[in-house]
Structures are given as C-alpha cells and as structure tokens.
file input.cif (mmCIF, C-alpha atoms)
data_structure
#
loop_
_atom_site.label_atom_id
_atom_site.label_comp_id
_atom_site.auth_asym_id
_atom_site.auth_seq_id
_atom_site.Cartn_x
_atom_site.Cartn_y
_atom_site.Cartn_z
CA MET C 14 -13.86 3.43 -9.31
CA GLU C 15 -10.47 2.53 -10.74
CA GLN C 16 -9.52 4.44 -13.86
CA ASN C 17 -9.51 2.42 -17.08
CA ASN C 18 -9.85 -0.82 -15.12
CA CYS C 19 -6.35 -0.25 -13.76
CA GLY C 20 -5.29 -1.72 -10.47
CA ILE C 21 -4.57 0.80 -7.78
CA ARG C 22 -1.19 2.48 -8.10
CA LEU C 23 -0.83 3.99 -4.68
CA TYR C 24 1.54 6.75 -3.63
CA ASN C 25 1.87 7.07 0.15
CA LEU C 26 2.30 10.76 0.86
CA PHE C 27 3.61 10.58 4.43
CA PRO C 28 2.49 13.95 5.75
CA ARG C 29 5.16 14.48 8.41
CA ILE C 30 7.95 14.66 5.84
CA VAL C 31 6.03 16.83 3.39
CA GLY C 32 4.70 19.39 5.84
CA SER C 33 1.62 21.58 5.58
CA ILE C 34 -1.34 20.70 3.35
CA PRO C 35 -0.51 23.31 0.68
CA ARG C 36 2.87 21.58 0.36
CA TRP C 37 0.99 18.30 -0.21
CA GLU C 38 -0.62 20.03 -3.19
CA GLU C 39 2.82 20.81 -4.60
CA GLN C 40 3.54 17.07 -4.82
CA VAL C 41 0.47 16.13 -6.86
CA ASP C 42 1.71 17.10 -10.33
CA ARG C 43 4.86 15.01 -10.08
CA ILE C 44 2.93 12.09 -8.55
CA LYS C 45 0.55 12.23 -11.50
CA ASP C 46 3.47 12.51 -13.91
CA MET C 47 4.90 9.26 -12.55
CA GLY C 48 1.59 7.56 -13.36
CA PHE C 49 0.03 6.97 -9.94
CA ASN C 50 -3.76 6.97 -9.72
CA ALA C 51 -4.26 7.23 -5.95
CA ILE C 52 -2.65 9.08 -3.05
CA TRP C 53 -2.86 7.74 0.47
CA VAL C 54 -2.13 10.15 3.32
CA ASN C 55 -1.46 8.77 6.80
CA PRO C 56 -3.59 10.17 9.66
CA PHE C 57 -3.67 13.95 9.70
CA HIS C 58 -5.91 14.31 12.76
CA TYR C 59 -4.90 16.17 15.89
CA ALA C 60 -2.82 13.66 17.85
CA GLY C 61 -2.52 12.81 21.53
CA PHE C 62 0.39 13.59 23.83
CA SER C 63 2.82 11.23 22.06
CA GLY C 64 2.42 13.06 18.76
CA SER C 65 2.09 9.78 16.85
CA LEU C 66 0.12 10.00 13.63
CA TYR C 67 -1.70 6.84 14.72
CA SER C 68 -2.74 8.28 18.08
CA PRO C 69 -5.83 10.33 17.15
CA LYS C 70 -7.14 12.65 19.85
CA ASP C 71 -9.65 14.63 17.79
CA TYR C 72 -10.97 13.24 14.49
CA TYR C 73 -12.53 16.59 13.61
CA ARG C 74 -9.39 18.68 13.98
CA ILE C 75 -6.33 18.73 11.73
CA ALA C 76 -2.94 18.52 13.41
CA ASP C 77 -1.28 21.91 13.75
CA MET C 78 1.82 20.78 11.83
CA PHE C 79 -0.29 20.29 8.69
CA ILE C 80 -1.98 23.70 8.77
CA ASP C 81 -0.44 26.65 6.92
CA ASN C 82 -1.29 29.67 9.07
CA SER C 83 0.37 32.08 6.67
CA ILE C 84 -2.54 31.88 4.25
CA ASN C 85 -6.08 33.05 4.86
CA VAL C 86 -7.65 29.62 4.33
CA ALA C 87 -9.39 27.61 7.04
CA PRO C 88 -7.78 24.23 7.89
CA PHE C 89 -10.47 22.04 6.39
CA ASP C 90 -10.65 24.28 3.33
CA GLN C 91 -6.94 23.63 2.88
CA LEU C 92 -7.74 19.90 2.92
CA LYS C 93 -10.59 20.39 0.46
CA ASN C 94 -8.25 22.26 -1.87
CA PHE C 95 -5.80 19.36 -1.75
CA ILE C 96 -8.55 16.85 -2.52
CA LYS C 97 -9.71 19.00 -5.43
CA LYS C 98 -6.14 19.12 -6.74
CA CYS C 99 -6.05 15.31 -6.62
CA HIS C 100 -9.38 15.00 -8.41
CA ASP C 101 -8.41 17.56 -11.05
CA SER C 102 -5.40 15.31 -11.70
CA ASN C 103 -7.62 12.21 -11.94
CA ILE C 104 -6.14 10.86 -8.70
CA LYS C 105 -8.13 9.26 -5.90
CA PHE C 106 -7.58 10.47 -2.34
CA ILE C 107 -7.34 7.72 0.29
CA MET C 108 -7.27 8.66 3.98
CA ASP C 109 -6.25 6.49 6.90
CA LEU C 110 -9.08 5.17 9.07
CA VAL C 111 -8.04 4.46 12.66
CA ILE C 112 -10.95 3.01 14.64
CA ASN C 113 -9.35 0.21 16.65
CA HIS C 114 -7.96 2.69 19.17
CA THR C 115 -7.63 6.37 20.01
CA ALA C 116 -5.07 8.41 21.93
CA ILE C 117 -5.11 7.69 25.66
CA ASP C 118 -5.88 11.38 26.18
CA CYS C 119 -8.69 11.46 23.60
CA ASP C 120 -11.67 13.61 24.60
CA LEU C 121 -13.97 10.69 23.84
CA ILE C 122 -12.71 8.94 26.97
CA LYS C 123 -14.15 11.69 29.16
CA GLU C 124 -17.47 11.65 27.32
CA HIS C 125 -17.82 7.95 26.51
CA LYS C 126 -15.58 5.83 28.70
CA ASN C 127 -17.89 2.87 28.07
CA TRP C 128 -16.76 2.89 24.42
CA TYR C 129 -13.39 1.57 25.58
CA LYS C 130 -12.03 -1.72 26.89
CA LEU C 131 -11.59 -1.58 30.65
CA ASP C 132 -9.75 -3.86 33.06
CA GLU C 133 -11.27 -5.23 36.28
CA ASN C 134 -10.45 -1.95 38.03
CA GLY C 135 -12.16 0.15 35.40
CA LYS C 136 -8.90 1.35 33.91
CA ILE C 137 -8.55 1.88 30.16
CA ILE C 138 -6.71 -0.99 28.45
CA ASN C 139 -3.79 -0.15 26.18
CA PRO C 140 -3.48 -2.11 22.93
CA GLY C 141 -0.11 -3.66 22.20
CA ALA C 142 1.75 -6.51 20.54
CA MET C 143 3.89 -9.53 21.36
CA HIS C 144 7.59 -9.15 20.61
CA GLU C 145 9.92 -12.08 21.24
CA GLY C 146 7.42 -13.59 23.62
CA VAL C 147 6.93 -10.41 25.67
CA TRP C 148 3.79 -8.26 25.60
CA HIS C 149 4.51 -4.61 24.87
CA ALA C 150 1.63 -2.25 25.64
CA TRP C 151 1.37 1.01 23.72
CA GLY C 152 0.89 3.43 26.56
CA ASP C 153 -0.15 6.36 24.40
CA LEU C 154 -3.17 4.46 23.04
CA ALA C 155 -6.58 3.39 24.37
CA GLU C 156 -8.26 0.32 22.90
CA VAL C 157 -11.82 0.83 21.68
CA ASP C 158 -14.40 -1.84 22.57
CA ASN C 159 -16.04 -2.00 19.16
CA LEU C 160 -17.49 -5.45 19.83
CA ASN C 161 -18.90 -5.39 23.35
CA SER C 162 -19.39 -1.78 24.34
CA PRO C 163 -22.71 -1.37 26.21
CA ASP C 164 -23.24 1.73 24.06
CA ARG C 165 -22.21 0.05 20.82
CA ASP C 166 -24.88 1.60 18.60
CA ASN C 167 -23.79 5.14 19.43
CA LEU C 168 -20.13 4.16 19.08
CA TRP C 169 -20.69 2.70 15.64
CA ASN C 170 -22.73 5.74 14.61
CA TYR C 171 -19.85 7.94 15.73
CA TRP C 172 -17.50 6.10 13.40
CA TRP C 173 -19.97 6.33 10.53
CA ASN C 174 -20.64 10.05 11.03
CA MET C 175 -16.89 10.71 11.06
CA MET C 176 -16.42 8.77 7.83
CA LYS C 177 -19.40 10.53 6.24
CA TYR C 178 -17.88 13.89 7.20
CA TYR C 179 -14.78 13.10 5.14
CA LEU C 180 -16.67 11.43 2.30
CA ASP C 181 -18.71 14.62 1.93
CA MET C 182 -15.41 16.49 1.76
CA GLY C 183 -14.38 14.39 -1.24
CA VAL C 184 -12.48 11.44 0.22
CA ASP C 185 -12.55 8.48 -2.20
CA GLY C 186 -11.67 5.67 0.16
CA PHE C 187 -10.02 4.48 3.32
CA ARG C 188 -6.84 2.60 4.19
CA CYS C 189 -8.11 0.75 7.25
CA ASP C 190 -5.53 0.56 10.02
CA MET C 191 -5.37 -2.78 11.89
CA ALA C 192 -8.39 -3.91 9.85
CA TYR C 193 -8.26 -7.51 11.03
CA GLN C 194 -8.51 -6.41 14.68
CA VAL C 195 -11.74 -4.53 14.08
CA PRO C 196 -14.90 -6.68 14.48
CA SER C 197 -16.28 -8.02 11.22
CA ASP C 198 -19.77 -6.83 12.09
CA LEU C 199 -18.53 -3.26 12.32
CA TRP C 200 -17.08 -3.49 8.80
CA ARG C 201 -20.38 -5.01 7.64
CA TYR C 202 -22.05 -1.90 9.01
CA LEU C 203 -19.60 0.71 7.73
CA ILE C 204 -18.60 -0.51 4.26
CA PRO C 205 -22.12 -0.73 2.74
CA LYS C 206 -23.08 2.64 4.24
CA ALA C 207 -19.98 4.23 2.75
CA ARG C 208 -20.69 2.77 -0.68
CA GLU C 209 -24.30 3.85 -0.49
CA ALA C 210 -23.16 7.39 0.27
CA LYS C 211 -20.37 7.25 -2.30
CA PRO C 212 -20.63 4.45 -4.89
CA GLY C 213 -17.27 2.84 -5.52
CA CYS C 214 -15.75 3.98 -2.24
CA LEU C 215 -12.48 2.05 -1.87
CA PHE C 216 -11.49 0.06 1.21
CA LEU C 217 -7.87 -1.06 1.62
CA ALA C 218 -7.18 -3.36 4.56
CA GLU C 219 -3.97 -3.36 6.54
CA SER C 220 -3.65 -7.12 6.75
CA LEU C 221 0.03 -7.99 7.21
CA GLY C 222 0.34 -10.75 9.75
CA CYS C 223 -3.10 -12.15 9.02
CA ASP C 224 -3.57 -15.89 8.73
CA PHE C 225 -5.51 -17.16 5.72
CA LYS C 226 -8.77 -17.45 7.67
CA GLN C 227 -8.52 -13.75 8.56
CA VAL C 228 -7.74 -12.91 4.92
CA GLN C 229 -10.84 -14.80 3.81
CA GLU C 230 -12.94 -12.95 6.36
CA LEU C 231 -11.68 -9.54 5.25
CA ALA C 232 -12.27 -10.39 1.59
CA ASN C 233 -15.82 -11.48 2.34
CA LEU C 234 -16.48 -8.19 4.14
CA GLY C 235 -16.05 -6.23 0.92
CA PHE C 236 -12.50 -4.89 1.09
CA ASP C 237 -11.20 -4.01 -2.36
CA TYR C 238 -7.55 -4.69 -1.56
CA LEU C 239 -5.37 -6.26 1.09
CA PHE C 240 -1.67 -5.50 1.45
CA ASN C 241 0.41 -8.62 0.81
CA SER C 242 3.76 -9.86 2.13
CA SER C 243 5.62 -10.23 -1.16
CA LYS C 244 8.30 -7.76 -0.01
CA TYR C 245 9.50 -10.36 2.47
CA TRP C 246 9.63 -13.24 -0.01
CA ASP C 247 13.01 -14.42 -1.33
CA PHE C 248 11.47 -16.00 -4.49
CA ASN C 249 12.30 -19.44 -3.10
CA GLU C 250 10.36 -20.21 0.05
CA PHE C 251 7.13 -22.14 -0.44
CA TRP C 252 4.94 -19.69 1.43
CA GLY C 253 5.20 -16.97 -1.25
CA MET C 254 3.30 -18.75 -4.01
CA GLU C 255 1.09 -20.59 -1.50
CA GLN C 256 -0.11 -17.24 -0.15
CA TYR C 257 -0.59 -15.93 -3.68
CA HIS C 258 -2.64 -18.90 -4.89
CA LYS C 259 -4.90 -18.77 -1.84
CA THR C 260 -5.51 -15.03 -1.63
CA SER C 261 -5.58 -14.21 -5.36
CA GLN C 262 -8.72 -16.30 -5.75
CA ILE C 263 -10.70 -14.12 -3.35
CA VAL C 264 -9.30 -10.57 -3.27
CA LYS C 265 -6.91 -8.19 -5.02
CA THR C 266 -3.72 -7.29 -3.20
CA ILE C 267 -1.18 -4.48 -3.03
CA SER C 268 2.56 -5.19 -3.10
CA PHE C 269 5.24 -2.74 -2.02
CA PRO C 270 9.05 -2.60 -2.07
CA GLU C 271 9.07 -0.61 1.19
CA SER C 272 6.56 1.14 3.44
CA HIS C 273 6.48 3.72 6.21
CA ASP C 274 6.88 0.81 8.66
CA THR C 275 9.99 -0.71 7.01
CA GLU C 276 13.60 0.22 6.59
CA ARG C 277 14.34 2.09 3.37
CA MET C 278 15.42 -0.29 0.61
CA ILE C 279 18.40 1.86 -0.29
CA THR C 280 19.68 1.26 3.25
CA GLU C 281 18.53 -2.35 3.46
CA THR C 282 20.38 -3.28 0.24
CA ASN C 283 23.45 -1.10 0.90
CA GLY C 284 22.64 0.97 -2.16
CA ASP C 285 22.07 -1.92 -4.58
CA ILE C 286 20.12 -0.03 -7.27
CA ALA C 287 19.49 -3.14 -9.39
CA ALA C 288 18.01 -5.04 -6.42
CA ILE C 289 15.75 -2.09 -5.59
CA LYS C 290 14.51 -1.87 -9.19
CA ARG C 291 13.89 -5.63 -9.16
CA GLN C 292 11.71 -5.40 -6.05
CA LEU C 293 9.81 -2.42 -7.44
CA LEU C 294 9.14 -4.06 -10.80
CA PHE C 295 8.22 -7.37 -9.20
CA SER C 296 5.75 -5.60 -6.88
CA ALA C 297 4.07 -3.96 -9.86
CA VAL C 298 3.71 -7.09 -12.03
CA PHE C 299 3.02 -9.63 -9.27
CA SER C 300 -0.10 -8.01 -7.81
CA ALA C 301 -3.09 -6.08 -9.11
CA GLY C 302 -1.99 -3.06 -7.07
CA TYR C 303 1.26 -1.70 -5.76
CA MET C 304 2.44 1.10 -3.50
CA ILE C 305 5.52 3.19 -2.79
CA PRO C 306 6.03 5.68 0.05
CA VAL C 307 7.23 9.21 -0.55
CA GLY C 308 10.98 9.34 -1.01
CA PHE C 309 11.36 5.86 -2.44
CA GLU C 310 11.64 7.38 -5.91
CA PHE C 311 14.65 9.41 -4.75
CA GLY C 312 16.38 6.69 -2.78
CA PHE C 313 15.77 8.23 0.63
CA THR C 314 17.82 6.46 3.30
CA ARG C 315 16.10 7.45 6.56
CA GLN C 316 13.15 5.35 7.67
CA LEU C 317 9.93 7.27 8.20
CA ASN C 318 8.72 7.62 11.78
CA VAL C 319 5.15 8.33 12.91
CA VAL C 320 6.38 10.49 15.82
CA GLN C 321 9.72 12.01 14.85
CA THR C 322 9.76 12.64 11.08
CA GLN C 323 9.84 16.31 10.10
CA PRO C 324 10.09 18.14 6.74
CA ASP C 325 13.82 18.65 7.28
CA TRP C 326 14.18 14.87 6.87
CA TRP C 327 13.69 15.43 3.13
CA GLU C 328 16.90 14.24 1.50
CA ASN C 329 18.89 15.47 -1.46
CA THR C 330 20.19 12.35 -3.17
CA LEU C 331 21.83 11.37 -6.42
CA VAL C 332 19.19 8.66 -6.96
CA ASN C 333 16.11 9.13 -9.13
CA PHE C 334 13.78 6.28 -10.07
CA THR C 335 11.02 8.48 -11.49
CA ASP C 336 11.60 7.59 -15.15
CA TYR C 337 11.74 3.90 -14.27
CA ILE C 338 8.47 4.23 -12.34
CA LYS C 339 6.86 6.00 -15.32
CA LYS C 340 7.76 3.07 -17.55
CA ILE C 341 6.31 0.57 -15.07
CA ASN C 342 3.06 2.51 -14.73
CA ALA C 343 2.82 2.81 -18.51
CA LEU C 344 3.01 -0.99 -18.68
CA LYS C 345 0.25 -1.25 -16.07
CA ASP C 346 -1.84 1.04 -18.26
CA LYS C 347 -1.19 -0.86 -21.48
CA TYR C 348 -1.51 -4.46 -20.28
CA PRO C 349 -4.71 -5.28 -18.36
CA VAL C 350 -3.18 -8.60 -17.28
CA LEU C 351 -0.93 -6.62 -14.93
CA ASN C 352 -3.96 -5.33 -13.02
CA VAL C 353 -5.64 -8.57 -12.05
CA GLU C 354 -5.39 -11.47 -9.65
CA PRO C 355 -5.21 -14.46 -10.07
CA GLY C 356 -3.39 -15.53 -13.26
CA ILE C 357 0.19 -16.45 -12.34
CA GLU C 358 1.60 -19.83 -13.37
CA ILE C 359 5.21 -20.80 -12.62
CA VAL C 360 7.21 -21.77 -15.72
CA ASP C 361 9.79 -24.50 -15.17
CA GLN C 362 13.31 -24.10 -16.58
CA ALA C 363 16.68 -25.63 -15.80
CA ASN C 364 18.08 -22.79 -13.66
CA TRP C 365 15.10 -22.64 -11.30
CA ALA C 366 17.34 -22.26 -8.24
CA ASN C 367 18.57 -18.87 -9.46
CA VAL C 368 15.88 -17.68 -11.87
CA PHE C 369 12.17 -17.29 -11.11
CA CYS C 370 9.98 -17.55 -14.22
CA PHE C 371 6.23 -17.10 -14.40
CA LYS C 372 3.51 -16.45 -16.91
CA LYS C 373 0.56 -14.19 -16.15
CA THR C 374 -2.67 -14.60 -18.07
CA MET C 375 -6.12 -13.04 -18.27
CA PRO C 376 -9.04 -14.17 -20.44
CA ASN C 377 -9.17 -12.32 -23.79
CA GLU C 378 -6.07 -10.24 -22.98
CA LYS C 379 -2.41 -10.45 -23.91
CA SER C 380 -0.28 -12.63 -21.64
CA ILE C 381 3.14 -11.77 -20.24
CA PHE C 382 6.17 -13.87 -19.35
CA VAL C 383 8.52 -12.76 -16.56
CA MET C 384 12.09 -13.95 -15.91
CA LEU C 385 13.66 -12.70 -12.68
CA ASN C 386 17.25 -13.17 -11.57
CA LYS C 387 17.21 -14.00 -7.85
CA ASP C 388 20.96 -13.45 -7.69
CA THR C 389 22.05 -9.92 -6.79
CA VAL C 390 25.73 -10.58 -7.63
CA GLU C 391 26.10 -12.94 -10.58
CA TYR C 392 24.66 -13.22 -14.08
CA GLN C 393 22.30 -16.17 -14.37
CA ASN C 394 21.33 -18.04 -17.52
CA VAL C 395 17.76 -18.74 -18.49
CA PHE C 396 17.05 -21.15 -21.34
CA ILE C 397 13.57 -21.53 -22.81
CA PRO C 398 13.65 -24.06 -25.70
CA ASP C 399 10.48 -22.69 -27.29
CA LEU C 400 9.13 -19.25 -26.44
CA THR C 401 6.04 -19.85 -28.56
CA SER C 402 5.01 -22.68 -26.24
CA ILE C 403 4.59 -20.02 -23.54
CA LEU C 404 3.31 -16.96 -25.41
CA GLY C 405 1.97 -18.40 -28.68
CA GLU C 406 2.94 -18.00 -32.30
CA ASN C 407 1.42 -14.60 -33.10
CA GLY C 408 4.47 -12.60 -32.15
CA ILE C 409 6.37 -11.81 -28.96
CA ILE C 410 7.94 -8.51 -27.87
CA ASP C 411 10.23 -7.43 -25.06
CA ILE C 412 8.43 -4.89 -22.85
CA SER C 413 11.06 -4.72 -20.09
CA PRO C 414 11.67 -1.22 -18.66
CA GLU C 415 15.41 -1.72 -19.28
CA TYR C 416 17.74 -3.70 -21.54
CA VAL C 417 15.07 -4.23 -24.21
CA MET C 418 15.85 -6.87 -26.85
CA ASN C 419 14.79 -5.94 -30.37
CA TYR C 420 15.09 -9.51 -31.57
CA LEU C 421 13.74 -12.53 -29.69
CA PRO C 422 14.92 -15.93 -30.91
CA TYR C 423 12.55 -18.87 -31.06
CA SER C 424 14.89 -20.70 -28.69
CA PHE C 425 15.60 -18.21 -25.91
CA ASP C 426 19.04 -18.45 -24.29
CA TYR C 427 19.84 -15.35 -22.25
CA ASN C 428 22.12 -14.31 -19.40
CA LEU C 429 20.19 -12.15 -16.96
CA ARG C 430 22.20 -9.41 -15.29
CA PRO C 431 22.29 -9.46 -11.47
CA SER C 432 18.72 -8.73 -10.25
CA GLU C 433 17.50 -8.19 -13.82
CA VAL C 434 13.83 -8.72 -14.62
CA LYS C 435 12.99 -9.52 -18.25
CA ILE C 436 9.34 -9.20 -19.34
CA LEU C 437 8.05 -10.52 -22.65
CA ALA C 438 4.51 -10.08 -23.95
CA GLN C 439 2.22 -11.22 -26.74
CA LYS C 440 2.03 -8.75 -29.61
#
call {"tool": "encode", "arguments": {"input": "input.cif", "output": "structure tokens"}}
result
Amino acid sequence: MEQNNCGIRLYNLFPRIVGSIPRWEEQVDRIKDMGFNAIWVNPFHYAGFSGSLYSPKDYYRIADMFIDNSINVAPFDQLKNFIKKCHDSNIKFIMDLVINHTAIDCDLIKEHKNWYKLDENGKIINPGAMHEGVWHAWGDLAEVDNLNSPDRDNLWNYWWNMMKYYLDMGVDGFRCDMAYQVPSDLWRYLIPKAREAKPGCLFLAESLGCDFKQVQELANLGFDYLFNSSKYWDFNEFWGMEQYHKTSQIVKTISFPESHDTERMITETNGDIAAIKRQLLFSAVFSAGYMIPVGFEFGFTRQLNVVQTQPDWWENTLVNFTDYIKKINALKDKYPVLNVEPGIEIVDQANWANVFCFKKTMPNEKSIFVMLNKDTVEYQNVFIPDLTSILGENGIIDISPEYVMNYLPYSFDYNLRPSEVKILAQK
C-alpha cells in the first residue's frame, strides 16, 4: 500500500481552513511537490448543532461549508473528484473515522436509541474527559454503546456499511478517532472486512494518552500506524526512548511537530525557526511515518479549531518551509532506514547532556547517524573519536538538509549550531 516501501508521509488537510472541496483539489499539486504520499482530511460529514467537525450528525451527507454550490457537480461527485486528483498524484486519501460517538442531535438517536449508552433514567450519556481532577462532559456529543448495545449486530453493520460506502468511493484508509476507546472486538470485525474489500486499506490509530498495554492491543488488532508522543519529549527524559523501544517492536508510528489539537510551533517557540526545523526533521527521522497539518509549512500562528476555523484564517506569512520539507522527504525516499521501526541505538559521547546522538540501522540497508543539539540558544560541541566505528569504513557522507559538510574527518569534532541536526550516512 505504501509507495516504494516508504513510510507514510501524511499531510493533514484541515478542511475548515481550506474551504470547499474544489479548493482542497487546488492544494494537491503543492502537497505532492513537497513529497507527501498521503492526505488526511478531518471529518467532512454534516455536523450537529455545535458545528464541531468531530460531532457527526449525518455520515452520508457532506457539511454545507465544504460544498461548492457555484458548480454543477453533486456533493459526493465533488468528493470523488478530489479523491481522483489525489490518486492521479500518487497520493493516498485518508478520511477520519468517528465511531465512538455521534452528535447529540444525530438522527440515529431517534431511530436507534439502544445503540447509545444510557444512564439509569434512560438519558443519553455524553462522553468527556478528566481535566485537573474534574470530569468535563462534552454536551454536544452522544456516546455510542459499541460493546453492550442490545442491537450490537445492526450497529456494527451500520459502521461497516458506512465505511464500505467510502471505500467504494476511493478512500484508501482511515484515521481512527479515539481508537483506544472503541472495543477491540469491533476493530477485529471492521479491519479485516475493510482489507478484504480493499487490500492494503490503511488504519491509523489516534493513540495519544494510551498506556503500553493499550498500545499492544491496538497493534495486535492490525493498525498500520499509531501516533506517538515524540513532540512532547525534551530529548532527556527517560520515557521518550522507553516508549520508543517498547512500541517500535510491535507497530510503526507517526511523529509530528504540531497537530490540529496543539498550539502552532511558530507561536509555541516565539518564532524560533531553527527549533521548528529541528522538531520537523527529528519527527521525520525518528519514526517510520510523520505528519504535518496544513499551514505548518508557512509558519501559521493561529491554532486550528474544530468549531471556529474558517478559510479567512489562512495567513500570509514571511515563513516558508516547503523547500526544507522537500529535502526531508527526498531523504525518506532515498534511505529505507528512515521508514522503519525499530532500529535506533543511542550513541554515547561526552556532551550527552546537550547533544542527543543516535544511529539508525536496517538489515541490508545503509545506516544513518544523527547528532541533535538540544540547546536552542548556544552552540554545542560533539566529539566522535572515530566515525568509522559508527558507520563503517566504506565511506561516509553528510546528508543533512542544511549546513552540509563536504569533508568529514575521521575524528569528528564539530560545533552544532543552536537546534542544529546533523545527519551522516553510509555511502
């Protein structure tokens, strides 16, 4: 399913900021030009009263804001045209799959109230989350009883028929919202059926916040990728590599420098371009897959919002990372080792407190060696007495996207710029 054995390089086209589906099409050429091989679009279904993308009211109707009524093309034909544009560009189309809940005003509640979780008074239960020890219910949502509904067979068939509807339209896979809160048996039912209908159908699990037992369970259910927490790692705390060594043995993951749920990095770092590039490059080389949301490449400052974002939130900035992203994706194309998990081994060196060094290997493929300056302010020295002890004696080259060294000494003594990432590879 993945082109040329490449890991997924996922571009999150957040539909609220782009606008109507024909305008999605206009983005495809530049997304392809940057080197991405998959586009994920957040839910485009007709939403409930709150207007949240993740509050689906009708799975078989496209939200009005995404339909261009000025052209004589039916809504779902507009979607088919977008999918064809993706496929013509050798790009997979990934849609969001929201089956843990629906909008509280979803028509299914009138027709199938027994598909939902009910309290002792027969009232629909709202899903929610704990925040600082207090439970916050999401009043615009209704929690589906996927596990214990008395009409479970028909409920599960509803989910499958909806997925099949979109697979027949050309969808290549699903980003599964709140995957770890959906019963494992339901995934065991849906994933094989999807792959029988469409061999190679991709399943990406939203898994942030999972404990390792939940990660293991999702991996064993057949998910192709889980999203990892590397964005939140400071390159020092023990949990970062512990999580990597556990999960990389069982499933591929997707890293990201920012997402539609996070603050924009340009804002988070107060405009520190070097720190943003470091996080982007680290995301791409650390994991088999990586993702950016629309606008990251232009240094957008305003966080995306599932209710409020509109096309006029599109920003005109002086920032442009597209060439840098092209170079990163070209490296992912050229070096298979950058598309696998596991394979990372920490390399010890004297300045370990300020420089993170690791080697990434893959059987019968060229290895790479990464040196990352954790310091965003100061230069930091890295000294490797013998580069050949890490990458062998058959030649070593600098493949870094920036500040490439044409000559690499046997004894490597180098001052990394603030936030610089240096990548060396076997010839």
call {"tool": "resolve_selection", "arguments": {"input": "input.cif", "expression": "the PyMOL selection byres ((chain C and resi 312) around 9)", "output": "list in words"}}
result
Arg277, Met278, Ile279, Thr280, Gly284, Ile286, Gly308, Phe309, Glu310, Phe311, Phe313, Thr314, Glu328, Thr330, Leu331, Val332, Asn333 and Phe334 of chain C
call {"tool": "residues_around", "arguments": {"input": "input.cif", "residues": "Gly48 of chain C", "least_positions_apart": "3", "cutoff": "6 Å", "atoms": "all atoms listed in the file", "output": "CSV table (one decimal) with C-alpha atoms, in the frame of the given file"}}
result
chain,number,residue,atom,x,y,z
C,45,LYS,CA,0.6,12.2,-11.5
C,339,LYS,CA,6.9,6.0,-15.3
C,342,ASN,CA,3.1,2.5,-14.7
call {"tool": "axis_aligned_box", "arguments": {"input": "input.cif", "around": "segment 272-286 of chain C", "padding_each_side": "3 Å", "output": "JSON"}}
result
{"center_x": 15.0, "center_y": 0.2, "center_z": 0.7, "size_x": 23.0, "size_y": 13.0, "size_z": 21.9}
call {"tool": "resolve_selection", "arguments": {"input": "input.cif", "expression": "the PyMOL selection byres ((chain C and resi 164) around 10)", "output": "ChimeraX atom specification"}}
result
/C:125-129,158-159,161-163,165-169
call {"tool": "atom_distance", "arguments": {"input": "input.cif", "atom1": "atom CA of Leu160 of chain C", "atom2": "atom CA of Trp172 of chain C"}}
result
13.2 Å
call {"tool": "atom_distance", "arguments": {"input": "input.cif", "atom1": "atom CA of Ile21 of chain C", "atom2": "atom CA of Ile80 of chain C"}}
result
28.4 Å
call {"tool": "atom_distance", "arguments": {"input": "input.cif", "atom1": "atom CA of Ser63 of chain C", "atom2": "atom CA of Ala155 of chain C"}}
result
12.5 Å
